[in-house]
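Trainee: Structure in structure tokens, see below.
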Amino acid sequence: MDEIDLNQAIVEVLQGDLSLFEKIMRSYQQQIFTYCYHMLGQHAEAEDATQDTFIKAYQRLGSYQPDKSFEAWLYKIASNTCIDVLRKRKLSKYLPFLYKSDETHRPVDQAIEEHYWDEAVAKAMSKLSPEERSLLILRCVEDKDYKEIGEILQQNSNNLRKKFQRTASKFRKHYAQATGGKVDEGHSSSRPQKNIS
């Protein structure tokens with residue numbers, strides 16, 4: 001869905017055409033689910049957070065400003081939704097990114113895990129704050145630029161560059177501890193670390 005179609009669809013949804021909101025939702029559903037999955041680490045919670053994100057987006061659609069990025073606006077809602085879930089969990093010390101208990105979801109989870117994550121990445125990510133996790137996921141997994149991330153996290157993009165470098169360094173340190181190795185500032189085998197430099 002291109003920007004012109006999207007803006008027209010939003011106008012028509014606000015005028016009562018709910019079928020177009022379903023079309024908008026389908027356009028962004030997979031990427032929002034993937035983001036929520038990486039933030040929360042559990043398939044069922046990611047599904048719920050994705051659904052909540054779109055419910056909130058529908059409820060707040062009247063406040064969306066067409067001159068801003070709709071995708072960034074949607075990610076901001078998803079980010080806040082995931083942070084709320086993490087707060088409800090009381091930010092437990094270990095955030096399990098690998099969902100292992102429910103065999104019915106293994107094909108979906110396994111594909112995500114094999115593509116992005118391993119046990120050491122999960123342990124290293126669990127040591128970061130929700131905001132730091134979000135920053136790494138948006139930059140390394142979702143491949144967003146700093147301007148987009150700034151819109152999503154409502155922060156200055158220049159400050160985010162510095163924050164990313166600090167967070168990446170912190171991630172590398174925790175990753176090295178998880179693997180029993182030394183901090184490698186340049187190279188790595190996992191995808192998030194490969195892009196963290």
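Starting from 1 in every chain, residues are counted up; chains themselves are A, B, ... following the order of the structure tokens, and ligands are numbered from 1 as listed.
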So that I can check the surroundings of Ala9 of chain A, please list as number ranges by chain every protein, DNA and RNA residue that reaches within 8 Å of it, counting only C-alpha atoms and ignoring chain neighbours fewer than 6 positions away.
Mentor: A: 20-21, 24
Trainee: Of the residues A:Gln51, A:Asn158, A:Gln165, A:Gln177, which is the one nearest to Gln29 of chain A, using only C-alpha atoms?
Mentor: A:Gln51
Trainee: Calculated over only C-alpha atoms, which of the candidates A:Glu71, A:Asp17, A:Glu119, A:Asp52 has the smallest distance to Tyr175 of chain A?
Mentor: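 Distance minimum relative to Tyr175 of chain A lands on A:Glu119.
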Trainee: Which residues, written as a VMD selection string, have at least one atom at most 9 Å from segment 141-149 of chain A, with only C-alpha atoms counted and residues fewer than 6 positions away on the same chain left out?
Mentor: chain A and resid 31 34 to 35 38 69 71 to 72 75 to 76 116 135 155 to 158 160 to 161 191 to 192 195
Trainee: Counting only C-alpha atoms, which of A:Val85, A:Gly16, A:Ser169, A:Asp67 gets nearest to Ala44 of chain A?
Mentor: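 For Ala44 of chain A, the nearest of the given residues is A:Val85.
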Trainee: Could you tell me which of A:Asp84, A:Leu61, A:Phe33, A:Ala168 comes closest to Gln15 of chain A if we count only C-alpha atoms?
Mentor: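 Among the listed residues, A:Leu61 lies closest to Gln15 of chain A.
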Trainee: As a list in words, please: the residues near Ala178 of chain A (cut-off 9 Å, only C-alpha atoms, same-chain neighbours under 5 positions excluded).
Mentor: Glu119, Ala120, Val121, Lys123, Ala124 and Lys173 of chain A
Trainee: What does the distance from atom CA of Ala57 of chain A to atom CA of Leu74 of chain A come to in Å, to one decimal?
Mentor: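 Separating atom CA of Ala57 of chain A from atom CA of Leu74 of chain A is a distance of 6.8 Å.
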